[in-house]
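Next comes model.tsv, a file with TSV, C-alpha atoms.
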```
chain	number	residue	atom	x	y	z
A	1	MET	CA	157.39	128.74	-156.33
A	2	LYS	CA	158.20	131.64	-154.00
A	3	LYS	CA	154.88	131.12	-152.22
A	4	ILE	CA	155.63	127.42	-151.77
A	5	ILE	CA	159.09	128.16	-150.30
A	6	LEU	CA	157.60	130.80	-148.00
A	7	THR	CA	154.93	128.35	-146.79
A	8	ILE	CA	157.59	125.72	-146.05
A	9	LEU	CA	159.62	128.24	-144.06
A	10	VAL	CA	156.59	129.27	-142.02
A	11	LEU	CA	155.77	125.64	-141.23
A	12	ALA	CA	159.36	124.95	-140.26
A	13	LEU	CA	159.47	127.95	-137.93
A	14	SER	CA	156.13	126.93	-136.41
A	15	SER	CA	157.51	123.44	-135.73
A	16	ILE	CA	160.56	124.89	-134.00
A	17	THR	CA	158.32	127.09	-131.86
A	18	LEU	CA	156.16	124.15	-130.85
A	19	VAL	CA	159.17	122.02	-129.98
A	20	GLY	CA	160.50	124.88	-127.86
A	21	CYS	CA	157.22	125.00	-125.96
A	22	ILE	CA	157.19	121.27	-125.33
A	23	ASN	CA	160.84	120.92	-124.29
A	24	VAL	CA	160.70	123.15	-121.22
A	25	LEU	CA	164.08	123.64	-119.56
A	26	ALA	CA	164.37	121.54	-116.40
A	27	HIS	CA	165.00	124.46	-114.04
A	28	LYS	CA	161.82	126.17	-115.28
A	29	GLN	CA	159.78	123.21	-114.05
A	30	PHE	CA	160.69	123.83	-110.41
A	31	SER	CA	158.12	125.29	-108.04
A	32	ASP	CA	158.72	127.21	-104.81
A	33	PRO	CA	156.02	126.00	-102.39
A	34	TRP	CA	157.41	127.51	-99.19
A	35	SER	CA	155.66	130.38	-97.43
A	36	ASN	CA	157.12	133.85	-96.92
A	37	TYR	CA	158.50	132.71	-93.56
A	38	GLU	CA	158.81	129.20	-92.17
A	39	LYS	CA	160.41	127.98	-88.98
A	40	ALA	CA	160.80	124.21	-88.60
A	41	THR	CA	162.23	122.71	-85.41
A	42	TYR	CA	163.62	119.18	-85.39
A	43	SER	CA	164.89	116.77	-82.79
A	44	ALA	CA	168.36	115.63	-83.90
A	45	VAL	CA	169.82	112.28	-82.88
A	46	ARG	CA	173.39	111.33	-83.75
A	47	THR	CA	174.19	107.64	-83.28
A	48	ILE	CA	177.80	106.87	-82.34
A	49	HIS	CA	178.78	103.37	-83.43
A	50	ASP	CA	182.30	102.08	-82.84
A	51	LYS	CA	182.38	100.06	-86.11
A	52	ASN	CA	182.08	96.63	-84.49
A	53	ALA	CA	179.22	94.21	-85.04
A	54	ASP	CA	177.71	94.75	-81.60
A	55	LYS	CA	175.30	97.68	-81.56
A	56	THR	CA	174.44	97.38	-77.88
A	57	ASP	CA	177.18	99.85	-77.05
A	58	ASP	CA	175.95	102.51	-79.49
A	59	VAL	CA	175.77	106.00	-78.02
A	60	GLU	CA	173.05	108.48	-78.94
A	61	ILE	CA	173.86	112.19	-78.84
A	62	LYS	CA	170.68	114.26	-78.86
A	63	GLY	CA	170.20	117.82	-80.00
A	64	GLU	CA	167.95	120.25	-81.82
A	65	THR	CA	167.90	121.76	-85.29
A	66	ILE	CA	166.08	124.91	-86.41
A	67	ILE	CA	165.59	125.58	-90.12
A	68	ILE	CA	164.30	129.01	-91.12
A	69	THR	CA	163.21	129.66	-94.71
A	70	GLU	CA	162.48	133.29	-95.52
A	71	ARG	CA	161.58	135.17	-98.68
A	72	VAL	CA	163.22	138.57	-99.07
A	73	ASN	CA	162.27	141.36	-101.49
A	74	LYS	CA	165.04	143.86	-102.22
A	75	GLY	CA	166.48	143.51	-98.74
A	76	THR	CA	169.83	142.85	-97.08
A	77	VAL	CA	170.82	139.34	-95.98
A	78	GLN	CA	173.97	137.96	-94.36
A	79	VAL	CA	175.42	134.59	-95.30
A	80	GLY	CA	178.36	133.92	-93.01
A	81	GLU	CA	180.45	137.07	-93.33
A	82	GLN	CA	179.01	137.91	-96.75
A	83	VAL	CA	176.53	140.81	-96.71
A	84	ILE	CA	174.27	140.87	-99.77
A	85	ASN	CA	172.36	144.07	-100.51
A	86	ASP	CA	169.32	144.55	-102.72
A	87	PHE	CA	168.63	140.82	-102.53
A	88	THR	CA	165.42	139.28	-103.81
A	89	GLY	CA	164.94	135.58	-103.27
A	90	THR	CA	165.06	133.06	-100.43
A	91	ILE	CA	167.52	132.66	-97.57
A	92	VAL	CA	167.69	129.44	-95.58
A	93	THR	CA	169.50	129.15	-92.25
A	94	VAL	CA	170.10	125.90	-90.37
A	95	ASP	CA	171.34	125.81	-86.76
A	96	THR	CA	172.04	122.57	-84.91
A	97	LEU	CA	173.30	122.11	-81.36
A	98	PHE	CA	173.96	118.72	-79.70
A	99	ASP	CA	174.13	117.91	-75.99
A	100	ASP	CA	177.87	117.14	-76.26
A	101	GLY	CA	178.57	120.66	-77.55
A	102	SER	CA	178.84	119.72	-81.23
A	103	LEU	CA	177.27	122.33	-83.48
A	104	MET	CA	176.53	122.97	-87.14
A	105	LYS	CA	175.52	126.29	-88.68
A	106	SER	CA	174.76	126.99	-92.32
A	107	ALA	CA	173.08	129.52	-94.58
A	108	VAL	CA	172.35	129.69	-98.28
A	109	ALA	CA	170.77	132.44	-100.36
A	110	PHE	CA	169.28	131.89	-103.80
A	111	LYS	CA	167.22	133.90	-106.26
A	112	VAL	CA	163.56	133.37	-107.12
A	113	THR	CA	164.76	131.21	-110.03
A	114	LEU	CA	166.74	129.06	-107.53
A	115	GLU	CA	170.05	130.41	-108.85
A	116	PRO	CA	172.48	130.38	-105.86
A	117	VAL	CA	174.04	133.62	-104.64
A	118	ALA	CA	176.06	132.61	-101.57
A	119	SER	CA	176.45	129.82	-99.04
A	120	TYR	CA	178.16	129.24	-95.69
A	121	LYS	CA	178.66	126.21	-93.48
A	122	HIS	CA	180.47	125.80	-90.17
A	123	ILE	CA	180.70	122.61	-88.12
A	124	ASP	CA	182.39	121.88	-84.81
A	125	VAL	CA	181.95	118.15	-84.15
A	126	LYS	CA	183.23	116.41	-81.06
A	127	GLY	CA	185.20	113.25	-81.83
A	128	GLU	CA	186.08	111.89	-78.41
A	129	TYR	CA	184.47	108.54	-79.18
A	130	ALA	CA	186.64	105.45	-79.76
A	131	ASN	CA	186.88	104.07	-83.31
A	132	THR	CA	184.32	106.47	-84.72
A	133	ASP	CA	184.22	108.99	-87.55
A	134	PRO	CA	185.49	111.60	-86.95
A	135	ALA	CA	188.13	109.95	-84.77
A	136	LYS	CA	189.00	113.32	-83.24
A	137	PRO	CA	187.28	116.69	-82.89
A	138	THR	CA	187.01	118.58	-86.18
A	139	VAL	CA	186.23	122.19	-87.04
A	140	GLN	CA	185.40	122.99	-90.66
A	141	THR	CA	184.15	126.12	-92.39
A	142	SER	CA	183.18	126.65	-96.01
A	143	THR	CA	182.01	129.75	-97.89
A	144	ILE	CA	181.00	130.15	-101.54
A	145	ALA	CA	180.26	133.39	-103.40
A	146	TYR	CA	178.58	133.05	-106.78
A	147	SER	CA	179.01	135.66	-109.51
A	148	SER	CA	179.10	135.82	-113.30
A	149	LYS	CA	180.38	132.47	-114.61
A	150	LYS	CA	182.26	131.54	-111.44
A	151	ALA	CA	182.00	130.43	-107.84
A	152	ASP	CA	184.77	131.56	-105.50
A	153	TYR	CA	185.19	129.40	-102.41
A	154	THR	CA	187.20	129.26	-99.21
A	155	SER	CA	187.37	126.27	-96.90
A	156	ASN	CA	189.16	125.80	-93.61
A	157	ILE	CA	189.55	122.29	-92.25
A	158	ASP	CA	191.10	122.03	-88.81
A	159	GLY	CA	193.18	125.14	-89.38
A	160	THR	CA	194.22	124.52	-92.99
A	161	THR	CA	192.74	127.06	-95.43
A	162	THR	CA	192.10	126.39	-99.10
A	163	THR	CA	190.79	128.85	-101.69
A	164	GLY	CA	189.73	128.23	-105.25
A	165	GLN	CA	187.32	128.95	-108.04
A	166	VAL	CA	184.85	126.86	-110.00
A	167	LYS	CA	184.35	128.19	-113.54
A	168	LEU	CA	180.75	128.10	-114.71
A	169	ASP	CA	178.67	128.83	-117.79
A	170	ASP	CA	175.83	131.33	-117.70
A	171	TRP	CA	173.28	129.99	-115.24
A	172	ILE	CA	170.45	130.34	-117.72
A	173	ASP	CA	172.30	128.06	-120.18
A	174	GLU	CA	173.59	125.49	-117.68
A	175	PRO	CA	171.84	125.83	-114.32
A	176	TYR	CA	173.75	124.91	-111.15
A	177	TYR	CA	172.91	124.79	-107.47
A	178	ASP	CA	174.55	124.75	-104.06
A	179	ASN	CA	174.81	121.64	-101.91
A	180	LEU	CA	172.99	123.42	-99.10
A	181	MET	CA	169.93	123.77	-101.33
A	182	VAL	CA	169.32	120.03	-101.69
A	183	TYR	CA	166.17	119.80	-99.55
A	184	HIS	CA	164.62	122.85	-101.17
A	185	ILE	CA	165.48	121.47	-104.62
A	186	ALA	CA	163.77	118.20	-103.69
A	187	ARG	CA	160.80	120.11	-102.30
A	188	ALA	CA	160.62	122.15	-105.51
A	189	SER	CA	160.67	119.01	-107.70
A	190	TYR	CA	156.96	118.30	-107.36
A	191	LYS	CA	154.14	119.11	-109.72
A	192	TYR	CA	150.40	118.55	-109.73
A	193	GLU	CA	148.77	116.32	-112.32
A	194	ASP	CA	144.99	115.91	-112.13
A	195	ASP	CA	145.08	117.15	-108.52
A	196	ASN	CA	147.69	114.51	-107.65
A	197	LEU	CA	151.04	115.58	-106.25
A	198	ILE	CA	153.77	113.92	-108.32
A	199	PHE	CA	157.51	113.90	-107.60
A	200	ASN	CA	159.27	115.00	-110.76
A	201	ALA	CA	162.91	113.87	-110.73
A	202	LEU	CA	164.82	116.50	-112.72
A	203	PRO	CA	168.48	116.56	-113.78
A	204	VAL	CA	170.41	118.82	-111.39
A	205	ASN	CA	174.08	119.81	-111.08
A	206	VAL	CA	175.67	121.14	-107.90
A	207	VAL	CA	178.96	122.97	-107.52
A	208	SER	CA	181.71	120.68	-106.19
A	209	THR	CA	184.64	122.47	-104.58
A	210	SER	CA	186.51	119.18	-104.25
A	211	THR	CA	186.69	118.73	-108.03
A	212	ASN	CA	186.33	122.38	-109.11
A	213	ALA	CA	183.51	121.36	-111.41
A	214	LEU	CA	179.80	120.60	-111.52
A	215	ALA	CA	178.69	117.28	-110.09
A	216	PRO	CA	175.38	115.52	-110.79
A	217	LEU	CA	172.86	115.45	-107.98
A	218	SER	CA	170.63	112.39	-108.05
A	219	LEU	CA	167.11	112.61	-106.63
A	220	SER	CA	164.72	109.69	-106.67
A	221	LYS	CA	161.50	108.71	-104.99
A	222	THR	CA	162.12	105.36	-103.33
A	223	GLY	CA	158.79	104.79	-101.65
A	224	ALA	CA	155.93	106.13	-99.55
A	225	VAL	CA	155.93	105.90	-95.78
A	226	VAL	CA	153.65	106.69	-92.86
A	227	PRO	CA	155.07	108.33	-89.74
A	228	ARG	CA	153.49	107.20	-86.48
A	229	ASP	CA	154.55	109.75	-83.92
A	230	LEU	CA	156.16	113.04	-84.93
A	231	THR	CA	156.75	113.95	-81.31
A	232	LYS	CA	158.94	111.00	-80.29
A	233	PRO	CA	162.31	112.44	-79.22
A	234	ASP	CA	164.34	109.44	-80.42
A	235	GLY	CA	163.37	109.64	-84.04
A	236	LEU	CA	160.45	108.87	-86.32
A	237	PRO	CA	159.59	105.20	-86.84
A	238	VAL	CA	158.08	104.59	-90.27
A	239	ILE	CA	156.07	101.86	-91.91
A	240	SER	CA	156.59	100.97	-95.55
A	241	GLU	CA	153.47	101.35	-97.66
A	242	ASP	CA	154.66	98.35	-99.66
A	243	THR	CA	154.42	95.93	-96.72
A	244	GLU	CA	152.37	92.97	-97.97
A	245	ASP	CA	151.32	91.66	-94.58
A	246	ASP	CA	148.90	94.21	-93.14
A	247	ALA	CA	148.94	92.28	-89.87
A	248	GLU	CA	152.47	93.53	-89.30
A	249	LYS	CA	151.29	97.15	-89.35
A	250	PRO	CA	150.24	98.56	-85.98
A	251	GLU	CA	146.89	100.30	-85.89
A	252	ILE	CA	147.05	104.05	-86.40
A	253	ALA	CA	144.34	106.56	-85.60
A	254	GLU	CA	142.92	107.96	-88.83
A	255	ASN	CA	143.70	111.56	-87.89
A	256	ALA	CA	147.32	110.60	-87.08
A	257	ILE	CA	148.18	109.31	-90.53
A	258	ILE	CA	150.45	111.57	-92.56
A	259	LEU	CA	151.46	110.08	-95.90
A	260	ASN	CA	154.96	110.97	-97.09
A	261	ASP	CA	157.29	110.40	-100.00
A	262	LEU	CA	160.73	109.03	-99.18
A	263	ILE	CA	163.23	110.86	-101.39
A	264	THR	CA	166.82	109.66	-101.73
A	265	ILE	CA	169.42	112.33	-102.51
A	266	SER	CA	172.87	111.26	-103.69
A	267	LEU	CA	175.76	113.73	-103.67
A	268	ASN	CA	179.34	113.37	-104.82
A	269	GLN	CA	180.51	115.69	-102.04
A	270	THR	CA	180.00	115.35	-98.30
A	271	PHE	CA	181.12	117.84	-95.71
A	272	PRO	CA	181.95	115.84	-93.70
A	273	GLY	CA	179.94	112.66	-93.85
A	274	SER	CA	179.71	108.95	-94.36
A	275	GLY	CA	179.27	109.14	-98.13
A	276	LYS	CA	175.81	107.61	-97.74
A	277	PRO	CA	172.89	109.17	-99.62
A	278	LEU	CA	170.74	111.67	-97.79
A	279	THR	CA	167.09	110.83	-97.35
A	280	ALA	CA	164.12	113.12	-96.88
A	281	LEU	CA	160.48	112.55	-95.98
A	282	PHE	CA	158.09	115.07	-97.55
A	283	SER	CA	154.45	115.04	-96.50
A	284	THR	CA	151.97	114.47	-99.30
A	285	THR	CA	148.90	114.43	-97.06
A	286	VAL	CA	146.80	117.59	-96.79
A	287	LEU	CA	144.56	117.47	-93.73
A	288	GLU	CA	141.19	119.17	-94.07
A	289	ASN	CA	140.87	122.36	-92.06
A	290	LYS	CA	137.79	121.19	-90.16
A	291	ALA	CA	136.87	118.93	-87.24
A	292	PRO	CA	138.01	116.58	-85.86
A	293	HIS	CA	141.67	117.47	-86.53
A	294	ASN	CA	141.27	120.99	-88.02
A	295	GLY	CA	144.29	120.44	-90.24
A	296	MET	CA	146.52	119.80	-87.24
A	297	HIS	CA	148.71	116.81	-86.46
A	298	ALA	CA	150.91	116.58	-83.36
A	299	GLY	CA	150.25	120.28	-82.85
A	300	MET	CA	151.45	121.20	-86.36
A	301	ASP	CA	149.56	122.57	-89.34
A	302	PHE	CA	149.31	120.06	-92.20
A	303	THR	CA	146.81	121.95	-94.36
A	304	GLU	CA	149.58	122.28	-96.96
A	305	ASP	CA	151.79	119.60	-98.50
A	306	ARG	CA	155.58	119.18	-98.66
A	307	ARG	CA	156.50	119.61	-95.04
A	308	LEU	CA	160.02	118.21	-94.50
A	309	VAL	CA	158.90	115.72	-91.85
A	310	GLN	CA	162.19	113.90	-91.37
A	311	PHE	CA	165.64	113.74	-92.97
A	312	THR	CA	168.82	111.76	-92.43
A	313	GLU	CA	172.44	112.76	-92.92
A	314	GLY	CA	174.86	109.94	-92.28
A	315	SER	CA	174.40	108.86	-88.66
A	316	ILE	CA	172.07	111.76	-87.80
A	317	ILE	CA	168.27	111.60	-87.92
A	318	TYR	CA	166.26	114.82	-87.81
A	319	THR	CA	162.55	114.63	-86.90
A	320	LEU	CA	160.06	117.47	-87.14
A	321	LYS	CA	158.58	118.52	-83.79
A	322	ALA	CA	157.33	122.06	-84.40
A	323	PHE	CA	156.40	124.12	-87.45
A	324	THR	CA	155.22	127.70	-87.88
A	325	GLU	CA	154.71	129.78	-91.01
A	326	ILE	CA	153.68	133.23	-92.20
A	327	LYS	CA	152.10	133.24	-95.66
A	328	ALA	CA	151.85	136.98	-96.21
```

Give the structure from the file, written as structure tokens.
Amino acid sequence: MKKIILTILVLALSSITLVGCINVLAHKQFSDPWSNYEKATYSAVRTIHDKNADKTDDVEIKGETIIITERVNKGTVQVGEQVINDFTGTIVTVDTLFDDGSLMKSAVAFKVTLEPVASYKHIDVKGEYANTDPAKPTVQTSTIAYSSKKADYTSNIDGTTTTGQVKLDDWIDEPYYDNLMVYHIARASYKYEDDNLIFNALPVNVVSTSTNALAPLSLSKTGAVVPRDLTKPDGLPVISEDTEDDAEKPEIAENAIILNDLITISLNQTFPGSGKPLTALFSTTVLENKAPHNGMHAGMDFTEDRRLVQFTEGSIIYTLKAFTEIKA
């Protein structure tokens, strides 16, 4: 009898172990495909629409965005005014400047596991455009410092300062992320199956300072698209892969085709924004590193996948125009 009971216990424990292996925690399924150092430069176009039906009077404000993604090993990084020593992980900085003087600066640091450490965002947007959002110039700054079971934040909106704290569980038990990580989270949500790159929509929560709680971040693949000209300064026209009438598709040189996934990202918090979902185009094409194109497209290296080719935030479209990386 004792042997029978012991055998049952062993089988039960084995079953639990197997279930634990199969049910991998979502955050452990993320990858981190970026190189040790990446610098991506985008043309930025903000469309000013005065909320009437006539779009002929729309105004386009052009600018440039530089996103730098850098791995750090036991180094010092600065996120806004926060200096973080002995940091190992990734720091991402985003700097945007428009022709009208509007600017946006942000930085976010997160560990190798994608656990956030600190974030910073500052915007100074000109609003001297009739019947538009924002209706007047606005200056906003936000900082978040993550520590054990909490996120302390400070925000200043047009001179009014607010401080607060979001209480959290241990990250390993209930993972959370920062809003400024959304494109890297989307980029990390891919996996390979039989040599095919598959977008793997995973449940994700981001810290919301507006509700002092975690808010669900929704990521979904809504289609595949083909960019035609990465170098066009006024944005990247795309063609839906689902178009039934091939006659409607303009001819594209074979070595100019870069297949992409269109990923829709929905957030409960915008800073500031239209409340519309963000969208991101990630390249899924890997060009062979040999003639005729030698892995290059529009002067950029596409021998790796998951380049952030284009993204939209409200009325702003960002289009990749230069990309450099250091792998080691």

- Message: Please report the interatomic distance between atom CA of A:Val206 and atom CA of A:Thr65 in Å with one decimal.
- Response: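 These two atoms are separated by 23.9 Å.
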
- For A:Ser106, the closest of A:Tyr120, A:Tyr153, A:Tyr192, A:Tyr177 counting all atoms listed in the file is A:Tyr120

- Query: From the set A:Lys191, A:Ala213, A:Ile185, A:Ile48, which residue has the shortest atom-to-atom contact distance to A:Gly127, counting all atoms listed in the file?
  - Reply: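 The shortest atom-to-atom distance to A:Gly127 comes from A:Ile48.
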
- Rounded to one decimal in Å, what is the spacing between atom CA of A:Ile263 and atom CA of A:Ser315?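 Taking atom CA of A:Ile263 and atom CA of A:Ser315, their separation equals 17.1 Å.
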
- Considering only C-alpha atoms, return as an MDAnalysis selection string whatever protein or nucleic-acid residues lie within 8 Å of stretch 79-85 of chain A, sequence-local ones (same chain, fewer than 3 positions apart) excluded. chainID A and resid 74:76 106:109 118:121 143

Give me, as a compact mmCIF listing (two decimals) with C-alpha atoms, in the coordinates of the input, all polymer residues having an atom no more than 12 Å from A:Val112, counting only C-alpha atoms and skipping those fewer than 2 positions away in the same chain.
```txt
# COMPACT_ATOMS: atom_id res chain seq x y z
CA HIS A 27 165.00 124.46 -114.04
CA LYS A 28 161.82 126.17 -115.28
CA PHE A 30 160.69 123.83 -110.41
CA SER A 31 158.12 125.29 -108.04
CA ASP A 32 158.72 127.21 -104.81
CA PRO A 33 156.02 126.00 -102.39
CA TRP A 34 157.41 127.51 -99.19
CA GLU A 70 162.48 133.29 -95.52
CA ARG A 71 161.58 135.17 -98.68
CA VAL A 72 163.22 138.57 -99.07
CA ASN A 73 162.27 141.36 -101.49
CA LYS A 74 165.04 143.86 -102.22
CA PHE A 87 168.63 140.82 -102.53
CA THR A 88 165.42 139.28 -103.81
CA GLY A 89 164.94 135.58 -103.27
CA THR A 90 165.06 133.06 -100.43
CA ILE A 91 167.52 132.66 -97.57
CA ALA A 109 170.77 132.44 -100.36
CA PHE A 110 169.28 131.89 -103.80
CA LEU A 114 166.74 129.06 -107.53
CA GLU A 115 170.05 130.41 -108.85
CA PRO A 116 172.48 130.38 -105.86
CA VAL A 117 174.04 133.62 -104.64
CA ALA A 188 160.62 122.15 -105.51
```

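Reported to one decimal place, the separation of atom CA of A:His122 from atom CA of A:Ser208 is 16.9 Å.
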
- Tell me which protein, DNA and RNA residues are within 9 Å of stretch 194-205 of chain A, counting all atoms listed in the file, leaving out same-chain ones fewer than 3 positions away, and put them as an MDAnalysis selection string. chainID A and resid 26:27 29:30 174:178 185:191 214:221 261 263 284 305

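Nearest to A:Ile61 of all the residues A:Val139, A:Val182, A:Ala322, A:Ile316 is A:Ile316, counting only C-alpha atoms.
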
- Selected residue of minimal separation from A:Glu128 among A:Ser35, A:Ser102, A:Thr113, A:Thr96, counting all atoms listed in the file: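 Once distances to A:Glu128 are computed over all atoms listed in the file, the minimum belongs to A:Ser102.
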
- Query: Of the candidates A:Gln165, A:Val94, A:Asp99, A:Ser148, which shows the shortest atom-to-atom distance to A:Ile123, using all atoms listed in the file?
  - Reply: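 The answer is A:Val94, which sits nearest to A:Ile123.
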
- Item | Proximity to A:Pro277 - best of A:Gly63, A:Gly159, A:Gly223, A:Gly314, only C-alpha atoms |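 The closest residue to A:Pro277 is A:Gly314.
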